[in-house]
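Next comes target.tsv, a file with TSV, C-alpha atoms.
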```tsv
chain	number	residue	atom	x	y	z
H	99	MET	CA	83.83	98.82	75.31
H	100	HIS	CA	86.46	97.37	77.62
H	101	VAL	CA	85.73	96.20	81.18
H	102	GLU	CA	88.27	95.25	83.83
H	103	ILE	CA	88.36	94.91	87.58
H	104	ALA	CA	90.31	97.86	88.95
H	105	ARG	CA	93.57	96.97	90.68
H	106	HIS	CA	92.43	98.47	93.99
H	107	PRO	CA	88.98	98.72	95.56
H	108	LEU	CA	87.38	102.11	94.93
H	109	ASP	CA	90.42	102.87	92.75
H	110	ARG	CA	92.30	104.13	95.81
H	111	VAL	CA	95.88	103.17	96.66
H	112	PRO	CA	95.88	100.91	99.75
H	113	LEU	CA	97.81	102.01	102.82
H	114	SER	CA	98.59	99.27	105.34
H	115	LEU	CA	100.81	99.09	108.41
H	116	ILE	CA	102.63	95.83	109.11
H	117	ILE	CA	103.74	95.35	112.71
H	118	ASP	CA	106.13	92.42	113.19
H	119	ASP	CA	107.65	90.77	116.28
H	120	SER	CA	104.81	91.77	118.61
H	121	THR	CA	103.26	89.53	121.25
H	122	VAL	CA	101.71	89.58	124.72
H	123	LEU	CA	103.68	91.97	126.97
H	124	VAL	CA	107.13	90.46	126.50
H	125	ASN	CA	109.72	92.00	124.18
H	126	LEU	CA	110.84	88.81	122.53
H	127	ASN	CA	113.76	90.66	120.98
H	128	TYR	CA	115.49	90.81	124.38
H	129	PHE	CA	115.64	87.01	124.33
H	130	PHE	CA	116.37	86.77	120.61
H	131	LEU	CA	119.40	89.08	120.88
H	132	ARG	CA	120.64	87.37	124.03
H	133	ASP	CA	120.31	83.85	122.67
H	134	ARG	CA	121.46	84.57	119.14
H	135	ASN	CA	124.67	86.13	120.46
H	136	LEU	CA	125.43	82.79	122.12
H	137	ALA	CA	124.65	80.94	118.90
H	138	ASP	CA	126.79	82.94	116.48
H	139	GLY	CA	129.30	84.71	118.73
H	140	GLN	CA	128.26	88.23	117.79
H	141	ALA	CA	128.00	91.03	120.35
H	142	ARG	CA	124.60	92.54	119.62
H	143	ARG	CA	123.35	95.07	122.15
H	144	TRP	CA	120.82	93.29	124.38
H	145	GLU	CA	121.36	93.99	128.07
H	146	ASP	CA	119.64	97.37	128.05
H	147	VAL	CA	116.87	96.31	125.67
H	148	PRO	CA	113.54	96.35	127.57
H	149	VAL	CA	112.11	92.99	128.58
H	150	VAL	CA	108.48	94.20	128.58
H	151	HIS	CA	106.34	96.34	126.29
H	152	PRO	CA	103.68	97.71	128.66
H	153	GLU	CA	100.02	97.16	127.91
H	154	SER	CA	99.47	100.89	128.40
H	155	PHE	CA	101.74	101.62	125.43
H	156	THR	CA	100.02	99.04	123.23
H	157	ARG	CA	96.65	100.50	124.21
H	158	GLU	CA	97.81	104.02	123.32
H	159	PHE	CA	99.05	102.82	119.93
H	160	ALA	CA	95.79	100.98	119.22
H	161	GLU	CA	93.67	103.98	120.21
H	162	PHE	CA	95.71	106.25	117.95
H	163	CYS	CA	95.23	103.88	115.01
H	164	LEU	CA	91.48	103.66	115.57
H	165	ALA	CA	91.18	107.43	115.86
H	166	HIS	CA	93.09	108.03	112.60
H	167	GLY	CA	91.82	105.10	110.56
H	168	VAL	CA	95.17	103.28	110.43
H	169	ARG	CA	94.79	99.61	109.49
H	170	GLY	CA	97.12	96.72	108.78
H	171	LYS	CA	98.57	93.56	110.34
H	172	PHE	CA	99.73	92.93	113.93
H	173	SER	CA	101.73	89.81	114.79
H	174	VAL	CA	101.16	87.91	118.01
H	175	VAL	CA	103.97	85.38	118.44
H	176	PRO	CA	102.31	82.30	120.04
H	177	CYS	CA	105.29	80.95	122.03
H	178	PRO	CA	107.61	83.94	122.23
H	179	ALA	CA	111.28	82.95	122.47
H	180	ALA	CA	110.13	79.46	123.54
H	181	LEU	CA	109.13	80.85	126.95
H	182	GLY	CA	105.71	79.20	126.92
H	183	ARG	CA	102.38	79.00	125.09
H	184	LEU	CA	100.11	82.02	125.20
H	185	ASP	CA	97.07	79.81	125.62
H	186	GLU	CA	98.63	78.24	128.70
H	187	GLY	CA	100.26	81.37	130.09
H	188	LEU	CA	103.78	82.77	130.09
H	189	PRO	CA	105.71	82.24	133.35
H	190	LEU	CA	106.79	85.91	133.41
H	191	PHE	CA	103.26	87.24	134.00
H	192	SER	CA	100.17	86.51	136.03
H	193	PRO	CA	97.01	85.17	134.35
H	194	ALA	CA	95.29	88.48	135.13
H	195	GLN	CA	98.03	90.47	133.40
H	196	GLN	CA	97.86	88.30	130.29
H	197	ASP	CA	94.06	88.24	130.21
H	198	SER	CA	94.02	92.03	130.39
H	199	TRP	CA	96.37	92.32	127.40
H	200	LEU	CA	94.41	89.79	125.35
H	201	ARG	CA	91.14	91.56	126.10
H	202	MET	CA	92.69	94.87	125.07
H	203	CYS	CA	93.94	93.27	121.85
H	204	ARG	CA	90.52	91.87	120.95
H	205	GLU	CA	88.77	95.17	121.70
H	206	LEU	CA	91.24	97.70	120.26
H	207	ILE	CA	93.69	96.04	117.88
H	208	VAL	CA	91.52	93.47	116.10
H	209	PRO	CA	89.06	96.06	114.72
H	210	ALA	CA	91.87	97.68	112.72
H	211	PHE	CA	94.49	94.94	112.30
H	212	ASP	CA	94.67	91.34	111.16
H	213	ILE	CA	96.26	89.07	113.72
H	214	THR	CA	98.88	86.60	112.51
H	215	PRO	CA	101.32	84.30	114.24
H	216	GLU	CA	104.96	84.86	113.44
H	217	MET	CA	105.36	81.13	113.61
H	218	LEU	CA	105.78	79.58	117.01
H	219	THR	CA	108.71	81.26	118.75
H	220	HIS	CA	110.47	83.66	116.38
H	221	THR	CA	113.63	82.03	117.74
H	222	PHE	CA	114.18	78.28	118.18
H	223	VAL	CA	112.29	75.59	116.27
H	224	LEU	CA	110.24	73.63	118.78
H	225	ASP	CA	109.58	69.91	119.15
H	226	LEU	CA	105.78	69.78	118.92
H	227	GLN	CA	105.58	66.93	121.41
H	228	THR	CA	107.56	68.58	124.21
H	229	PHE	CA	107.41	72.26	123.20
H	230	ARG	CA	111.11	72.42	123.91
H	231	PRO	CA	113.74	73.45	121.33
H	232	VAL	CA	114.79	70.59	119.09
H	233	GLU	CA	118.27	69.14	119.61
H	234	PRO	CA	120.60	70.29	118.27
H	235	PRO	CA	118.97	73.76	118.28
H	236	ILE	CA	117.95	75.29	114.97
H	237	TRP	CA	116.31	78.64	114.29
H	238	GLU	CA	113.05	79.41	112.54
H	239	GLN	CA	114.46	82.32	110.56
H	240	TYR	CA	117.77	80.74	109.61
H	241	GLU	CA	117.78	76.96	109.20
H	242	TRP	CA	114.10	77.02	108.21
H	243	GLU	CA	114.64	79.63	105.53
H	244	THR	CA	114.71	76.39	103.54
H	245	LEU	CA	111.75	74.45	104.88
H	246	PRO	CA	112.07	70.64	105.06
H	247	ILE	CA	109.88	69.89	102.05
H	248	ASP	CA	110.32	66.15	102.64
H	249	GLN	CA	108.53	66.64	106.00
H	250	GLU	CA	105.39	68.35	104.77
H	251	GLU	CA	103.22	66.99	107.60
H	252	LEU	CA	105.62	68.44	110.19
H	253	VAL	CA	105.66	71.89	108.56
H	254	PHE	CA	101.87	71.84	108.21
H	255	GLU	CA	101.38	70.96	111.86
H	256	TYR	CA	103.99	73.49	112.99
H	257	ILE	CA	102.16	76.35	111.28
H	258	ALA	CA	98.73	75.02	112.23
H	259	THR	CA	99.80	74.80	115.88
H	260	ALA	CA	100.86	78.45	115.81
H	261	CYS	CA	97.44	79.38	114.40
H	262	ARG	CA	95.59	77.15	116.86
H	263	ILE	CA	97.23	78.76	119.88
H	264	LEU	CA	96.06	82.18	118.77
H	265	ALA	CA	92.57	80.87	118.05
H	266	ASN	CA	92.51	79.42	121.57
H	267	CYS	CA	93.22	82.96	122.82
H	268	GLY	CA	90.28	84.40	120.90
H	269	LEU	CA	92.54	85.75	118.14
H	270	PRO	CA	91.87	83.61	115.04
H	271	PRO	CA	94.51	84.55	112.46
H	272	GLU	CA	93.87	85.82	108.93
H	273	GLY	CA	97.23	84.53	107.75
H	274	VAL	CA	100.81	84.03	108.88
H	275	THR	CA	104.00	86.08	109.06
H	276	SER	CA	107.49	84.74	108.49
H	277	PRO	CA	109.97	85.25	111.30
H	278	GLY	CA	112.92	86.59	109.32
H	279	GLY	CA	113.81	84.30	106.43
H	280	PHE	CA	111.34	81.53	107.32
H	281	GLY	CA	110.25	79.79	104.10
H	282	GLY	CA	111.97	82.28	101.82
H	283	ARG	CA	113.95	79.71	99.81
H	284	THR	CA	111.01	77.33	99.45
H	285	LEU	CA	108.36	79.94	98.74
H	286	ASP	CA	105.95	77.90	96.61
H	287	PHE	CA	105.95	75.07	99.16
H	288	TYR	CA	105.55	77.54	102.01
H	289	ALA	CA	102.64	79.30	100.32
H	290	ARG	CA	100.73	76.06	99.80
H	291	VAL	CA	101.34	74.54	103.23
H	292	ALA	CA	100.74	77.81	105.08
H	293	GLY	CA	97.45	78.27	103.26
H	294	ASP	CA	96.36	74.73	104.12
H	295	ALA	CA	97.42	75.17	107.75
H	296	VAL	CA	95.55	78.43	108.31
H	297	ARG	CA	92.51	77.07	106.49
H	298	SER	CA	92.50	73.96	108.69
H	299	VAL	CA	92.19	76.12	111.83
H	300	THR	CA	89.95	78.97	110.71
H	301	GLY	CA	88.20	77.74	107.57
H	302	ASN	CA	89.28	80.91	105.74
H	303	PRO	CA	89.29	80.13	101.99
H	304	THR	CA	91.79	82.89	101.15
H	305	PRO	CA	94.41	83.28	103.90
H	306	TYR	CA	97.67	85.11	103.22
H	307	PHE	CA	101.31	85.12	104.22
H	308	PHE	CA	103.89	87.87	104.65
H	309	LYS	CA	107.53	87.18	103.88
H	310	ARG	CA	108.98	89.56	101.31
H	311	VAL	CA	109.91	93.26	101.32
H	312	SER	CA	110.50	95.41	98.23
H	313	ASN	CA	111.58	98.93	99.13
H	314	GLU	CA	112.09	100.11	95.57
H	315	GLY	CA	110.24	99.77	92.29
H	316	THR	CA	106.83	98.18	91.76
H	317	VAL	CA	105.07	95.94	94.25
H	318	GLU	CA	102.78	93.04	93.36
H	319	THR	CA	100.13	91.27	95.43
H	320	PRO	CA	100.68	87.68	94.27
H	321	VAL	CA	97.98	85.04	94.34
H	322	TRP	CA	99.07	81.45	94.89
H	323	TYR	CA	97.25	78.16	94.25
H	324	ALA	CA	94.01	79.69	93.00
H	325	ASP	CA	91.20	77.13	92.63
H	326	ARG	CA	88.14	78.64	90.96
H	327	ASP	CA	85.93	75.62	91.60
H	328	ALA	CA	86.67	75.59	95.33
H	329	GLY	CA	86.91	79.38	95.66
H	330	THR	CA	90.24	79.03	97.48
H	331	ALA	CA	93.61	80.70	97.08
H	332	VAL	CA	96.55	81.97	99.11
H	333	GLY	CA	97.36	85.67	98.96
H	334	GLU	CA	100.77	87.18	99.56
H	335	ILE	CA	101.34	90.64	100.98
H	336	ILE	CA	104.68	92.21	100.05
H	337	ALA	CA	105.89	95.22	102.02
H	338	SER	CA	106.80	98.19	99.85
H	339	THR	CA	108.90	100.25	102.27
H	340	GLY	CA	111.97	99.70	104.37
H	341	ASP	CA	111.67	99.86	108.16
H	342	TRP	CA	112.55	103.38	109.26
H	343	THR	CA	110.64	103.11	112.56
H	344	GLY	CA	113.46	101.84	114.77
H	345	SER	CA	113.96	98.55	112.93
H	346	TRP	CA	113.93	95.04	114.39
H	347	THR	CA	116.55	95.88	117.00
H	348	GLY	CA	114.45	98.59	118.64
H	349	TYR	CA	117.34	101.03	118.47
H	350	GLY	CA	117.67	101.48	114.72
H	351	GLU	CA	116.95	104.40	112.40
H	352	ALA	CA	113.68	106.29	112.88
H	353	ASP	CA	113.05	108.88	110.18
H	354	ALA	CA	109.67	110.07	108.92
H	355	ASP	CA	111.31	111.76	105.93
H	356	ARG	CA	112.31	108.38	104.50
H	357	TYR	CA	108.58	107.77	104.05
H	358	LEU	CA	107.26	111.25	103.27
H	359	THR	CA	109.04	114.57	103.64
H	360	ALA	CA	107.44	117.60	105.27
H	361	ASP	CA	106.94	119.28	101.87
H	362	LEU	CA	105.04	116.12	100.75
H	363	GLN	CA	107.33	115.71	97.74
H	364	GLY	CA	110.06	113.31	98.83
H	365	GLY	CA	110.36	109.86	100.36
H	366	ARG	CA	109.16	106.45	99.24
H	367	LEU	CA	105.42	107.12	99.59
H	368	PRO	CA	104.82	109.71	96.83
H	369	GLU	CA	106.63	107.43	94.38
H	370	LEU	CA	104.31	104.55	95.29
H	371	ILE	CA	101.10	106.55	95.38
H	372	ASP	CA	101.78	108.31	92.07
H	373	ALA	CA	102.41	104.93	90.44
H	374	GLY	CA	99.30	103.37	91.98
H	375	GLU	CA	101.39	100.89	93.95
H	376	PRO	CA	100.22	99.72	97.40
H	377	VAL	CA	101.86	101.42	100.37
H	378	ILE	CA	102.69	98.56	102.75
H	379	PHE	CA	104.78	99.75	105.70
H	380	CYS	CA	107.26	97.25	107.12
H	381	SER	CA	107.68	97.96	110.86
H	382	HIS	CA	108.67	96.14	114.04
H	383	TRP	CA	107.02	96.47	117.41
H	384	GLN	CA	110.27	96.85	119.32
H	385	GLY	CA	111.11	99.85	117.15
H	386	PHE	CA	107.75	101.46	117.91
H	387	TYR	CA	108.47	101.29	121.65
H	388	GLY	CA	112.21	101.87	121.42
H	389	MET	CA	114.43	101.53	124.46
H	390	HIS	CA	112.02	102.87	127.09
H	391	ASN	CA	108.60	104.44	127.47
H	392	GLU	CA	109.86	107.94	126.70
H	393	ASP	CA	111.67	106.79	123.54
H	394	ARG	CA	108.80	105.58	121.31
H	395	ARG	CA	110.85	106.39	118.22
H	396	GLY	CA	108.81	104.30	115.78
H	397	PHE	CA	105.46	105.38	117.18
H	398	ARG	CA	106.49	109.04	116.87
H	399	VAL	CA	107.46	108.48	113.23
H	400	LEU	CA	104.09	106.85	112.54
H	401	GLN	CA	102.25	109.81	114.03
H	402	VAL	CA	104.17	112.22	111.81
H	403	VAL	CA	103.66	110.11	108.67
H	404	VAL	CA	99.93	109.71	109.31
H	405	GLN	CA	99.61	113.49	109.63
H	406	ARG	CA	101.56	114.06	106.42
H	407	LEU	CA	99.47	111.50	104.54
H	408	GLN	CA	96.37	113.37	105.64
H	409	GLU	CA	97.88	116.57	104.25
H	410	LEU	CA	98.83	114.82	101.01
H	411	ASP	CA	95.32	113.43	100.45
H	412	PRO	CA	92.97	115.48	102.65
H	413	SER	CA	89.75	114.28	101.01
H	414	GLY	CA	90.74	110.61	100.81
H	415	GLU	CA	90.38	110.60	97.03
H	416	ARG	CA	93.63	108.80	96.26
H	417	THR	CA	94.44	106.57	99.24
H	418	ARG	CA	92.69	104.34	101.74
H	419	TRP	CA	93.84	102.50	104.88
H	420	MET	CA	93.15	98.75	104.64
H	421	LYS	CA	93.94	95.59	106.55
H	422	CYS	CA	96.42	93.31	104.79
H	423	SER	CA	93.70	90.66	104.43
H	424	GLU	CA	91.46	93.17	102.66
H	425	ILE	CA	94.23	93.82	100.13
H	426	THR	CA	95.04	90.16	99.51
H	427	ASN	CA	91.39	89.06	99.41
H	428	TYR	CA	90.71	91.68	96.75
H	429	ALA	CA	93.73	90.47	94.77
H	430	CYS	CA	92.40	86.90	94.99
H	431	ALA	CA	88.95	88.03	93.85
H	432	ARG	CA	90.42	89.98	90.93
H	433	GLU	CA	92.70	87.13	89.88
H	434	MET	CA	89.93	84.52	89.91
H	435	ALA	CA	87.04	86.53	88.47
H	436	GLU	CA	85.71	85.99	84.96
H	437	VAL	CA	84.27	88.99	83.10
H	438	LEU	CA	82.03	88.56	80.06
H	439	VAL	CA	80.80	91.58	78.06
H	440	GLU	CA	77.90	91.33	75.62
H	441	GLY	CA	76.66	94.67	74.37
H	442	ASN	CA	75.86	96.78	77.42
H	443	THR	CA	75.59	93.77	79.74
H	444	ILE	CA	78.48	92.61	81.93
H	445	THR	CA	78.32	89.16	83.49
H	446	LEU	CA	80.68	88.39	86.36
H	447	ASP	CA	81.60	85.01	87.80
H	448	LEU	CA	83.15	85.65	91.21
H	449	PRO	CA	84.57	82.65	93.10
H	450	VAL	CA	85.71	85.06	95.86
H	451	LEU	CA	83.36	87.77	97.11
H	452	VAL	CA	84.83	91.00	98.47
H	453	PRO	CA	83.36	94.37	99.41
H	454	ASP	CA	83.84	97.40	97.16
H	455	LEU	CA	84.51	95.40	94.02
H	456	THR	CA	85.37	98.07	91.45
H	457	LEU	CA	84.99	97.90	87.67
H	458	ARG	CA	86.61	100.24	85.18
H	459	ILE	CA	84.70	100.82	81.95
H	460	THR	CA	86.49	102.39	78.99
H	461	GLY	CA	85.36	103.11	75.48
H	462	ALA	CA	81.74	103.94	76.31
H	463	PRO	CA	80.08	107.09	77.78
H	464	VAL	CA	78.13	105.64	80.72
H	465	VAL	CA	74.85	107.29	81.69
H	466	SER	CA	73.49	104.84	84.28
H	467	VAL	CA	74.43	101.53	85.94
H	468	ALA	CA	72.39	98.76	87.56
H	469	VAL	CA	73.73	95.73	89.44
H	470	GLN	CA	71.35	92.77	89.59
H	471	GLY	CA	68.65	95.20	88.49
H	472	ARG	CA	69.39	97.66	91.29
H	473	PRO	CA	70.48	101.12	90.10
H	474	LEU	CA	73.69	102.62	91.42
H	475	ARG	CA	73.83	106.26	92.48
H	476	ARG	CA	75.96	108.63	90.42
H	477	ALA	CA	78.89	110.07	92.38
H	478	THR	CA	79.60	113.68	91.54
H	479	CYS	CA	83.35	113.55	92.33
H	480	ARG	CA	86.08	111.10	93.35
H	481	ARG	CA	85.71	112.03	97.00
H	482	ASP	CA	82.11	110.74	96.92
H	483	PHE	CA	82.89	107.57	94.97
H	484	SER	CA	81.99	104.68	97.27
H	485	THR	CA	80.29	101.30	97.10
H	486	ASP	CA	76.95	101.27	95.24
H	487	THR	CA	77.93	104.32	93.17
H	488	PHE	CA	79.39	105.00	89.74
H	489	LEU	CA	81.66	107.83	88.67
H	490	THR	CA	81.76	108.98	85.07
H	491	GLU	CA	85.09	109.64	83.39
H	492	PRO	CA	85.90	111.21	80.02
H	493	ASP	CA	85.81	107.84	78.23
H	494	GLY	CA	83.85	105.59	80.55
H	495	ALA	CA	83.24	105.11	84.25
H	496	LEU	CA	84.22	103.53	87.52
H	497	LEU	CA	81.57	101.59	89.41
H	498	ALA	CA	81.69	99.86	92.78
H	499	PHE	CA	79.45	97.46	94.67
H	500	SER	CA	79.69	94.64	97.21
H	501	PRO	CA	78.54	91.41	95.54
H	502	ALA	CA	76.40	89.02	97.57
H	503	GLU	CA	76.49	86.08	95.16
H	504	ARG	CA	78.89	84.48	92.73
H	505	ARG	CA	77.04	85.33	89.51
H	506	VAL	CA	76.41	89.04	89.03
H	507	THR	CA	74.87	90.93	86.11
H	508	VAL	CA	75.72	94.59	85.53
H	509	THR	CA	73.72	96.54	82.96
H	510	LEU	CA	74.81	99.87	81.52
H	511	GLN	CA	73.03	102.63	79.71
H	512	THR	CA	75.40	104.50	77.44
H	513	ALA	CA	74.98	107.72	75.51
H	514	SER	CA	75.15	107.72	71.74
H	515	ARG	CA	78.35	109.26	70.41
```

For this file, produce the structure as structure tokens.
Amino acid sequence: MHVEIARHPLDRVPLSLIIDDSTVLVNLNYFFLRDRNLADGQARRWEDVPVVHPESFTREFAEFCLAHGVRGKFSVVPCPAALGRLDEGLPLFSPAQQDSWLRMCRELIVPAFDITPEMLTHTFVLDLQTFRPVEPPIWEQYEWETLPIDQEELVFEYIATACRILANCGLPPEGVTSPGGFGGRTLDFYARVAGDAVRSVTGNPTPYFFKRVSNEGTVETPVWYADRDAGTAVGEIIASTGDWTGSWTGYGEADADRYLTADLQGGRLPELIDAGEPVIFCSHWQGFYGMHNEDRRGFRVLQVVVQRLQELDPSGERTRWMKCSEITNYACAREMAEVLVEGNTITLDLPVLVPDLTLRITGAPVVSVAVQGRPLRRATCRRDFSTDTFLTEPDGALLAFSPAERRVTVTLQTASR
């Protein structure tokens, strides 16, 4: 008999929507495009890019996601374009306007999405004493693609400050998002320091970071700096699609067929789902809104793709919407778990506890399952397979439960061959 922890909880392919570049009301891309043109002499379109993303639009998006079960990650840039700190108020808006947006975010976005900073500004690197751009100016996504590893305390405090600002706003982050290339050339250093920084603010033993995108082939969910004794690790979420929802400019390509065609056969998603690879959408908030309130190019694409996914998997047997933190926490749990099999008894040592932990048994016809002496219910089909159930397969079974303690004993009854 062979026992392993299934790659995904409930043996369903995770679906998760990453929203980058979002923040309170302001479209930081207006300022990024304006200021970056001055820095590198390019002539990016910026003058007709909207300055504000209305709260009403964000609310509509959040309500759609809640109604359709869409989950993922939503960035909130703490000091957008170096305009000011969210916990002290942006000069463009009144306190009442900002408080209304933050309340909406806590009530409607947080239930379905992790909140992460996208470092401090998504533009200039700030002096942490003055909160003004350092001189000479450098950019988070360009010069800090290679983080100053000889200034570890500075990098730690920079990331921790971004997290602390969000926590001060009632939005404690589950991890961090890279603005552009931030940390990409010093990834192992970035993973360690980001994990320590998030943990210092929230106490989360398994925070995550988002930096990389892989829009072809297989997609891993790496686990960094796992410490079984401490029960700590840093997860990494890697996006598995390109951005075909208007892109980071807000006026880029928007095409639902790039994800999933109307006949449910083409696009990136069937390839991922058929291979059991996580479907992690890479999207940008400015693309969801587009150029004005009637544009909404990215949001319209999302609505079409969500409908097509429902048609592709109407009973939810193959796929499942998850927050990014739920995906990375499960990967950490799976990476750090120890599984010992003696006869029909399975002993698990679980430094990280996650809901819907799923075991796959092969090589034995399973008749019944008990976890810590408590019997699991037999699921009659994949649609009904959920936590505290087991599902028999031709040569074994799947079983799922939500462990409450580190040491868990699973006992099986098997049929004689």

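Compared by their closest atoms to Asp294 (chain H), and using only C-alpha atoms, the residues H:Ala354, H:Ile263, H:Val253, H:Val464 rank with H:Val253 nearest.
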
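Environment of (88.9, 108.3, 98.7): residues at most 12 Å away, judged by only C-alpha atoms, are His106, Pro107, Leu108, Asp109, Arg110, Val111, Pro112, Leu113, Gln408, Asp411, Pro412, Ser413, Gly414, Glu415, Arg416, Thr417, Arg418, Trp419, Ala477, Cys479, Arg480, Arg481, Asp482, Phe483, Ser484 and Thr485 of chain H.
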
Contacts between region 376-380 of chain H and region 237-331 of chain H, please, where a residue of region 237-331 of chain H counts if it comes within 9 Å (with all atoms listed in the file); show its shortest atom pair and distance in Å to one decimal, rows by chain and ascending number, as CSV.
```
residue,atom,partner,partner_atom,distance
H:Val311,CA,H:Cys380,CA,7.5
H:Thr316,CA,H:Pro376,CA,8.8
H:Val317,CA,H:Pro376,CA,6.9
H:Glu318,CA,H:Pro376,CA,8.2
H:Thr319,CA,H:Pro376,CA,8.7
```

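For the atom pair formed by CA of Glu250 (chain H) and CA of Arg290 (chain H), the distance is 10.3 Å, given to one decimal.
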
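Closest to Cys422 (chain H) among H:Val101, H:Val168, H:Leu190, H:Leu410 is H:Val168, based on all atoms listed in the file.
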
**Message:** Just to confirm, what's the straight-line distance from CA of Glu392 (chain H) to CA of Phe155 (chain H) in Å (one decimal)?
**Reply:** 10.4 Å

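One finds CA of Phe287 (chain H) at 11.2 Å from CA of Gln249 (chain H).
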
Report as a Markdown table: every residue of region 293-389 of chain H with an atom at most 12 Å from region 424-440 of chain H, its closest pair of atoms, and their distance in Å to one decimal, counting all atoms listed in the file, with rows sorted by chain and ascending residue number.
```
| residue | atom | partner | partner_atom | distance |
| --- | --- | --- | --- | --- |
| H:Asn302 | CA | H:Asn427 | CA | 10.5 |
| H:Pro303 | CA | H:Asn427 | CA | 9.5 |
| H:Thr304 | CA | H:Asn427 | CA | 6.4 |
| H:Pro305 | CA | H:Asn427 | CA | 7.9 |
| H:Tyr306 | CA | H:Thr426 | CA | 6.8 |
| H:Phe307 | CA | H:Thr426 | CA | 9.3 |
| H:Phe308 | CA | H:Thr426 | CA | 10.5 |
| H:Glu318 | CA | H:Ala429 | CA | 9.5 |
| H:Thr319 | CA | H:Ala429 | CA | 6.5 |
| H:Pro320 | CA | H:Ala429 | CA | 7.5 |
| H:Val321 | CA | H:Cys430 | CA | 5.9 |
| H:Trp322 | CA | H:Cys430 | CA | 8.6 |
| H:Tyr323 | CA | H:Cys430 | CA | 10.0 |
| H:Ala324 | CA | H:Met434 | CA | 7.0 |
| H:Asp325 | CA | H:Met434 | CA | 8.0 |
| H:Arg326 | CA | H:Met434 | CA | 6.2 |
| H:Asp327 | CA | H:Met434 | CA | 9.9 |
| H:Ala328 | CA | H:Met434 | CA | 10.9 |
| H:Gly329 | CA | H:Met434 | CA | 8.3 |
| H:Thr330 | CA | H:Cys430 | CA | 8.5 |
| H:Ala331 | CA | H:Cys430 | CA | 6.7 |
| H:Val332 | CA | H:Cys430 | CA | 7.6 |
| H:Gly333 | CA | H:Thr426 | CA | 5.1 |
| H:Glu334 | CA | H:Thr426 | CA | 6.5 |
| H:Ile335 | CA | H:Thr426 | CA | 6.5 |
| H:Ile336 | CA | H:Thr426 | CA | 9.9 |
| H:Ala337 | CA | H:Ile425 | CA | 11.9 |
| H:Glu375 | CA | H:Ile425 | CA | 11.8 |
| H:Pro376 | CA | H:Ile425 | CA | 8.8 |
| H:Val377 | CA | H:Ile425 | CA | 10.8 |
| H:Ile378 | CA | H:Ile425 | CA | 10.0 |
```

Expected axis-aligned box over every listed atom of region 170-180 of chain H, 3 Å added per side, centre plus edges in Å to one decimal, as JSON:
```
{"center_x": 104.2, "center_y": 88.1, "center_z": 116.2, "size_x": 20.2, "size_y": 23.3, "size_z": 20.8}
```

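Closest approach to His220 (chain H) among H:Glu272, H:Glu145, H:Asp493, H:Asp133 is made by H:Asp133 (distances from all atoms listed in the file).
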
**Prompt:** At most 7 Å from (104.5, 78.9, 108.1), file frame, only C-alpha atoms: which residues, as an NGL selection string?
**Reply:** :H and (217 or 257 or 274 or 276 or 288 or 292)

Expected file contents, prior selection, C-alpha atoms, as an mmCIF file, in the frame of the given file:
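Generated file (result17.cif):
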```cif
data_model
loop_
_atom_site.group_PDB
_atom_site.id
_atom_site.type_symbol
_atom_site.label_atom_id
_atom_site.label_comp_id
_atom_site.auth_asym_id
_atom_site.auth_seq_id
_atom_site.Cartn_x
_atom_site.Cartn_y
_atom_site.Cartn_z
ATOM 1 C CA MET H 217 105.360 81.130 113.610
ATOM 2 C CA ILE H 257 102.160 76.350 111.280
ATOM 3 C CA VAL H 274 100.810 84.030 108.880
ATOM 4 C CA SER H 276 107.490 84.740 108.490
ATOM 5 C CA TYR H 288 105.550 77.540 102.010
ATOM 6 C CA ALA H 292 100.740 77.810 105.080
#
```

**Contacts of Asp361 (chain H) within 12 Å, all atoms listed in the file, excl. fewer than 6 positions in-chain, as an MDAnalysis selection string** = chainID H and resid 354:355 368 403 406:407 409:410

**Minimum-distance residue to Ser345 (chain H), chosen among H:Arg157, H:Arg366, H:Arg395, H:Arg204 (using all atoms listed in the file)** = H:Arg395

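Take the candidates H:Thr478, H:Thr490, H:Thr244, H:Ser312 and check each one against Arg458 (chain H) using all atoms listed in the file; the shortest distance goes to H:Thr490.
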
**Item:** Residues within 8 Å of Tyr128 (chain H), all atoms listed in the file, excluding chain neighbours under 3 positions, as a PyMOL selection string
**Value:** chain H and resi 125+131-132+144-145+147-149

**Request:** For region 176-180 of chain H, work out the shell of residues within 6 Å, counting all atoms listed in the file and skipping chain neighbours fewer than 2 positions away, then give it as a ChimeraX atom specification.
**Result:** /H:126,182-184,218-219,221,260

**Asked** Closest to Val122 (chain H) among H:Arg142, H:His151, H:Arg283, H:Arg134, using all atoms listed in the file?
**Response** H:His151

**Request:** Can you pull out every residue within 12 Å of Glu186 (chain H), counting all atoms listed in the file, but drop anything in the same chain fewer than 6 positions away, and send it as number ranges by chain?
**Result:** H: 176-177, 192-193, 196-197, 229, 263-264, 266-267
